[in-house]
2 protein chains.
Amino acid sequence: MTTYRPQLSNQALPLTHLIDVIDEKGRVNQIEIPGERPLTIYIDKKEVLTLMTLGGAPEALTLGYIRNQRLVNDLEDIESIQVDWETDSVAVKTKVSTASIAKRTEKKTVTSGCGQGTMFGDFMNEFETLELPECVQLTQDNIEKVVDQIRTHPSIYKKAGSVHACAVFKNQVSGPELIYFIEDVGRHNAVDAISGMMWLDGLSGEDLIFYTTGRLTSEMVIKGGQMGIPFLLTRSGVTQMGLSLAKQIKMTIMARCSGEHFLIYEGAQRIQMRTPSALIQVS
Amino acid sequence: MTTYRPQLSNQALPLTHLIDVIDEKGRVNQIEIPGERPLTIYIDKKEVLTLMTLGGAPEALTLGYIRNQRLVNDLEDIESIQVDWETDSVAVKTKVSTASIAKRTEKKTVTSGCGQGTMFGDFMNEFETLELPECVQLTQDNIEKVVDQIRTHPSIYKKAGSVHACAVFKNQVSGPELIYFIEDVGRHNAVDAISGMMWLDGLSGEDLIFYTTGRLTSEMVIKGGQMGIPFLLTRSGVTQMGLSLAKQIKMTIMARCSGEHFLIYEGAQRIQMRTPSALIQVS
């Protein structure tokens with residue numbers, strides 16, 4: 001566990017806005033819509049890129065972005081993160097050479113699916129060497145409890161729609177414990193913010209469960225793998241490359257998780273069914 | 001109407017794949033999942049970026065990407081687009097100087113929401129000068145017919161989920177006519193592919209209706225505006241910045257379009273309700 005914390009501003013924005021709309025009968029209704037703001041990241045005064053975000057956790061988002069893009073390797077090398085909504089920008093101050101950061105921002109891949117989706121550098125190489133813990137188990141009871149906790153959790157989505165949620169649970173015999181719940185206009189921002197929070201809290205992923213309302217596309221599996229989390233669950237579906245990357249690092253991925261229903265796409269050996277014999281035929 | 005067409009390969013991929021999954025009773029099911037492949041764009045042998053795509057319309061996607069990022073301004077300047085899935089790449093040959101393209105790829109904005117989301121250059125400036133036609137009207141009948149045609153159109157989404165659809169209709173008194181229907185893992189790819197097809201066909205947007213299953217975030221409104229389409233409809237919602245950009249260029253945007261229901265967020269003056277008096281109170 002790390003005890004170091006960079007200096008962080010605390011500039012979460014109000015997340016929804018009330019607006020007037022007209023329905024099919026010509027009636028004026030008031031509804032809430034999610035906020036969306038540009039946030040330009042400057043690292044040591046050099047502009048890196050502009051994200052569009054709900055703005056609920058801009059410091060953690062910036063931190064997670066830096067971490068997931070491998071722009072800075074150690075949390076200790078980040079001195080401060082200061083968000084300023086007057087200029088829609090965030091200033092990151094580091095203790096490392098800017099030359100190494102400039103080098104890493106050269107190559108970019110724009111990924112599919114919702115959200116941010118730019119990846120710098122060649123970390124597909126790094127991905128191939130990832131190893132997730134073999135022996136951890138997720139019980140059918142805990143799967144159902146994760147789905148149920150998400151269902152009942154207060155959310156922007158229920159109020160205003162148009163956002164994706166990502167959540168991380170501790171996987172415990174006594175039941176899953178919700179640690180982080182983040183919503184953003186893109187699920188990539190949500191997963192980056194969670195990654196930033198895990199970095200701040202010095203949490204590794206081996207006893208965690210990751211849940212998202214969005215699809216498990218390639219980059220979600222890559223980010224889940226980078227965080228070291230063996231279990232990725234979604235209410236939605238899985239793309240072919242998401243599945244193929246999960247196979248590569250032996251990650252357990254499950255989709256269509258809703259009520260008591262779910263589908264295991266990969267890594268069934270880590271799932272403990274209530275009727276254990278059920279899985280024998282396929283293992 | 002332009003008659004010029006660049007040389008195009010014809011490398012659409014099979015769009016879904018059959019895989020085995022295990023359900024909550026331990027039963028093995030066969031389901032279809034959407035494909036997802038990297039596609040690296042090379043312009044005059046220079047690597048520009050890698051997109052993740054379903055691969056259903058890779059040539060139109062490449063063309064639309066180039067158009068929407070303003071990398072090349074005239075279709076006549078594109079000589080050929082050759083997709084090669086053995087190397088997951090597409091080679092674009094142009095008749096313009098590569099220096100001007102390199103300059104435009106310098107600045108990037110990673111947008112929120114689903115999909116590709118990278119925008120090069122400063123075309124927010126260009127956006128501010130966009131003018132959409134004032135006098136065009138969309139009837140309530142046509143809105144319902146668009147929604148109904150989308151509902152009954154065969155789709156990857158119905159088979160495999162995990163994709164977004166974008167469609168373009170001709171807005172006619174006799175009813176809307178479906179011109180393009182594209183699905184992809186990110187809705188940005190789908191909208192770029194449509195933009196590419198419109199470019200090839202020399203279509204302008206003033207008498208078109210754009211429909212998407214995805215949210216209307218900032219970049220969807222920007223791309224709709226760039227295509228000159230006055231009507232953007234979605235089954236999903238709208239974010240704050242999507243709305244604010246639509247206000248800026250006086251675009252008509254409607255969300256939660258489903259069955260006979262819809263909500264008009266902006267541009268109600270272009271909507272012709274069955275009971276015209278209903279709108280008087282708000283116009």
# chains A, B, ... in the order shown; residues from 1 in each chain; ligands from 1

call {"tool": "residues_around", "arguments": {"residues": "Leu61 in chain A", "least_positions_apart": "5", "cutoff": "7 Å", "atoms": "only C-alpha atoms", "output": "PDB file with N, CA and C atoms, in the first residue's frame"}}
result
ATOM      1  N   ASN A 189     -13.803   6.898 -19.858  1.00  0.00           N
ATOM      2  CA  ASN A 189     -13.528   7.849 -18.786  1.00  0.00           C
ATOM      3  C   ASN A 189     -13.842   7.201 -17.448  1.00  0.00           C
ATOM      4  N   ASP A 192     -11.141   4.770 -16.586  1.00  0.00           N
ATOM      5  CA  ASP A 192      -9.909   5.490 -16.255  1.00  0.00           C
ATOM      6  C   ASP A 192      -9.996   6.123 -14.866  1.00  0.00           C
ATOM      7  N   ALA A 193     -11.153   6.683 -14.542  1.00  0.00           N
ATOM      8  CA  ALA A 193     -11.304   7.289 -13.208  1.00  0.00           C
ATOM      9  C   ALA A 193     -11.158   6.231 -12.118  1.00  0.00           C
ATOM     10  N   GLY A 196      -7.584   5.455 -11.758  1.00  0.00           N
ATOM     11  CA  GLY A 196      -6.935   6.527 -11.001  1.00  0.00           C
ATOM     12  C   GLY A 196      -7.170   6.393  -9.508  1.00  0.00           C
TER      13      GLY A 196
END

call {"tool": "residues_around", "arguments": {"residues": "Gly267 in chain B", "least_positions_apart": "5", "cutoff": "8 Å", "atoms": "only C-alpha atoms", "output": "list in words"}}
result
Lys247, Lys250, Met251, Thr252 and Ile253 of chain B

call {"tool": "write_last_selection", "arguments": {"atoms": "C-alpha atoms", "output": "short mmCIF file (atom, residue, chain, number, x, y, z; two decimals), in the first residue's frame"}}
result
data_model
loop_
_atom_site.label_atom_id
_atom_site.label_comp_id
_atom_site.auth_asym_id
_atom_site.auth_seq_id
_atom_site.Cartn_x
_atom_site.Cartn_y
_atom_site.Cartn_z
CA LYS B 247 -28.45 25.27 -30.38
CA LYS B 250 -29.87 25.67 -35.01
CA MET B 251 -30.04 21.94 -35.64
CA THR B 252 -33.21 20.01 -34.85
CA ILE B 253 -32.38 17.23 -32.40
#

call {"tool": "closest_residue", "arguments": {"among": "A:Ser80, A:Gln172, A:Thr87, A:Thr129", "to": "Ser9 in chain A", "atoms": "only C-alpha atoms"}}
result
A:Ser80

call {"tool": "select_by_dssp", "arguments": {"residues": "range 118-268 of chain B", "states": "helix (DSSP H, G or I)", "output": "PyMOL selection string"}}
result
chain B and resi 123-128+140-152+156-160+187-201+218-226+240-248+268

call {"tool": "residues_around", "arguments": {"residues": "range 17-28 of chain A", "least_positions_apart": "3", "cutoff": "12 Å", "atoms": "only C-alpha atoms", "output": "PyMOL selection string"}}
result
(chain A and resi 13-14+31-36+54+156+159-161) or (chain B and resi 139-141+143-144+237-241+243-244+252-269+271-283)

call {"tool": "closest_residue", "arguments": {"among": "A:Gln137, A:Thr213, A:Ser204, A:Ser89", "to": "Arg270 in chain A", "atoms": "only C-alpha atoms"}}
result
A:Gln137

call {"tool": "decode", "arguments": {"residues": "range 105-219 of chain B", "atoms": "C-alpha atoms", "output": "short mmCIF file (atom, residue, chain, number, x, y, z; two decimals), in the first residue's frame"}}
result
data_model
loop_
_atom_site.label_atom_id
_atom_site.label_comp_id
_atom_site.auth_asym_id
_atom_site.auth_seq_id
_atom_site.Cartn_x
_atom_site.Cartn_y
_atom_site.Cartn_z
CA THR B 105 -2.96 15.49 -37.68
CA GLU B 106 -1.03 17.52 -35.10
CA LYS B 107 -3.79 18.55 -32.73
CA LYS B 108 -6.21 15.99 -31.39
CA THR B 109 -9.32 15.97 -29.28
CA VAL B 110 -10.56 12.73 -27.86
CA THR B 111 -14.27 12.97 -27.59
CA SER B 112 -16.61 11.18 -25.26
CA GLY B 113 -19.34 8.83 -26.09
CA CYS B 114 -19.11 5.74 -28.18
CA GLY B 115 -16.60 5.13 -30.83
CA GLN B 116 -13.70 6.52 -32.56
CA GLY B 117 -13.85 10.02 -31.25
CA THR B 118 -10.54 11.55 -32.28
CA MET B 119 -10.72 14.88 -34.05
CA PHE B 120 -7.75 16.50 -35.62
CA GLY B 121 -7.25 20.15 -36.35
CA ASP B 122 -9.27 23.12 -35.34
CA PHE B 123 -12.51 22.42 -37.05
CA MET B 124 -14.49 23.76 -34.13
CA ASN B 125 -13.85 27.11 -35.83
CA GLU B 126 -15.35 25.79 -39.04
CA PHE B 127 -18.30 24.42 -37.05
CA GLU B 128 -19.25 27.86 -35.81
CA THR B 129 -19.86 29.07 -39.35
CA LEU B 130 -22.11 26.14 -40.32
CA GLU B 131 -25.56 27.04 -41.54
CA LEU B 132 -28.36 24.51 -41.75
CA PRO B 133 -31.42 25.13 -43.96
CA GLU B 134 -34.18 27.00 -42.10
CA CYS B 135 -37.22 26.15 -44.16
CA VAL B 136 -37.16 22.35 -44.25
CA GLN B 137 -39.89 20.60 -42.29
CA LEU B 138 -40.16 17.11 -40.79
CA THR B 139 -43.67 15.81 -40.20
CA GLN B 140 -44.76 13.75 -37.22
CA ASP B 141 -45.77 11.00 -39.69
CA ASN B 142 -42.27 10.86 -41.11
CA ILE B 143 -40.73 10.74 -37.63
CA GLU B 144 -42.88 7.71 -36.80
CA LYS B 145 -42.03 6.07 -40.13
CA VAL B 146 -38.29 6.51 -39.58
CA VAL B 147 -38.57 4.89 -36.16
CA ASP B 148 -40.66 2.06 -37.57
CA GLN B 149 -38.31 1.38 -40.50
CA ILE B 150 -35.36 1.16 -38.12
CA ARG B 151 -37.31 -1.18 -35.84
CA THR B 152 -38.03 -3.62 -38.65
CA HIS B 153 -34.69 -3.32 -40.50
CA PRO B 154 -32.52 -6.48 -40.33
CA SER B 155 -29.51 -5.76 -38.12
CA ILE B 156 -26.40 -7.18 -36.50
CA TYR B 157 -27.71 -5.67 -33.27
CA LYS B 158 -30.71 -7.98 -33.27
CA LYS B 159 -28.48 -10.99 -33.94
CA ALA B 160 -25.49 -10.23 -31.77
CA GLY B 161 -25.92 -6.97 -29.85
CA SER B 162 -22.90 -4.80 -28.98
CA VAL B 163 -23.01 -2.53 -32.03
CA HIS B 164 -24.45 0.88 -32.85
CA ALA B 165 -26.42 1.69 -35.97
CA CYS B 166 -26.56 4.92 -37.93
CA ALA B 167 -28.96 5.47 -40.81
CA VAL B 168 -29.77 8.22 -43.26
CA PHE B 169 -33.22 8.76 -44.77
CA LYS B 170 -34.40 11.02 -47.55
CA ASN B 171 -37.08 13.33 -46.12
CA GLN B 172 -39.99 13.21 -48.60
CA VAL B 173 -43.68 14.04 -48.51
CA SER B 174 -44.37 10.47 -49.64
CA GLY B 175 -42.53 9.16 -46.57
CA PRO B 176 -38.87 8.77 -45.52
CA GLU B 177 -36.70 6.63 -47.81
CA LEU B 178 -33.81 4.70 -46.22
CA ILE B 179 -30.59 5.45 -48.12
CA TYR B 180 -27.81 4.12 -45.85
CA PHE B 181 -27.81 1.82 -42.84
CA ILE B 182 -24.46 1.10 -41.19
CA GLU B 183 -23.60 -0.70 -37.97
CA ASP B 184 -20.24 -0.73 -36.23
CA VAL B 185 -18.72 -1.36 -32.81
CA GLY B 186 -18.51 2.39 -32.33
CA ARG B 187 -21.18 4.76 -33.54
CA HIS B 188 -18.42 7.09 -34.74
CA ASN B 189 -17.29 4.54 -37.24
CA ALA B 190 -20.89 4.13 -38.38
CA VAL B 191 -21.35 7.87 -38.85
CA ASP B 192 -17.98 8.17 -40.61
CA ALA B 193 -18.88 5.35 -43.00
CA ILE B 194 -22.14 7.12 -43.84
CA SER B 195 -20.25 10.35 -44.42
CA GLY B 196 -17.92 8.45 -46.75
CA MET B 197 -20.85 7.05 -48.70
CA MET B 198 -22.43 10.50 -49.01
CA TRP B 199 -19.10 11.82 -50.30
CA LEU B 200 -18.89 9.07 -52.91
CA ASP B 201 -22.47 9.64 -53.98
CA GLY B 202 -22.13 13.43 -54.02
CA LEU B 203 -25.05 13.81 -51.60
CA SER B 204 -25.58 16.94 -49.55
CA GLY B 205 -27.53 16.82 -46.32
CA GLU B 206 -30.33 19.41 -46.49
CA ASP B 207 -33.14 16.99 -47.34
CA LEU B 208 -31.87 14.13 -45.19
CA ILE B 209 -32.75 12.76 -41.76
CA PHE B 210 -30.03 11.16 -39.63
CA TYR B 211 -30.98 8.44 -37.15
CA THR B 212 -28.72 6.70 -34.60
CA THR B 213 -29.23 4.12 -31.87
CA GLY B 214 -26.43 5.83 -29.91
CA ARG B 215 -26.45 8.99 -27.84
CA LEU B 216 -26.22 12.45 -29.33
CA THR B 217 -23.00 13.64 -27.72
CA SER B 218 -20.96 16.62 -28.89
CA GLU B 219 -19.17 14.81 -31.69
#
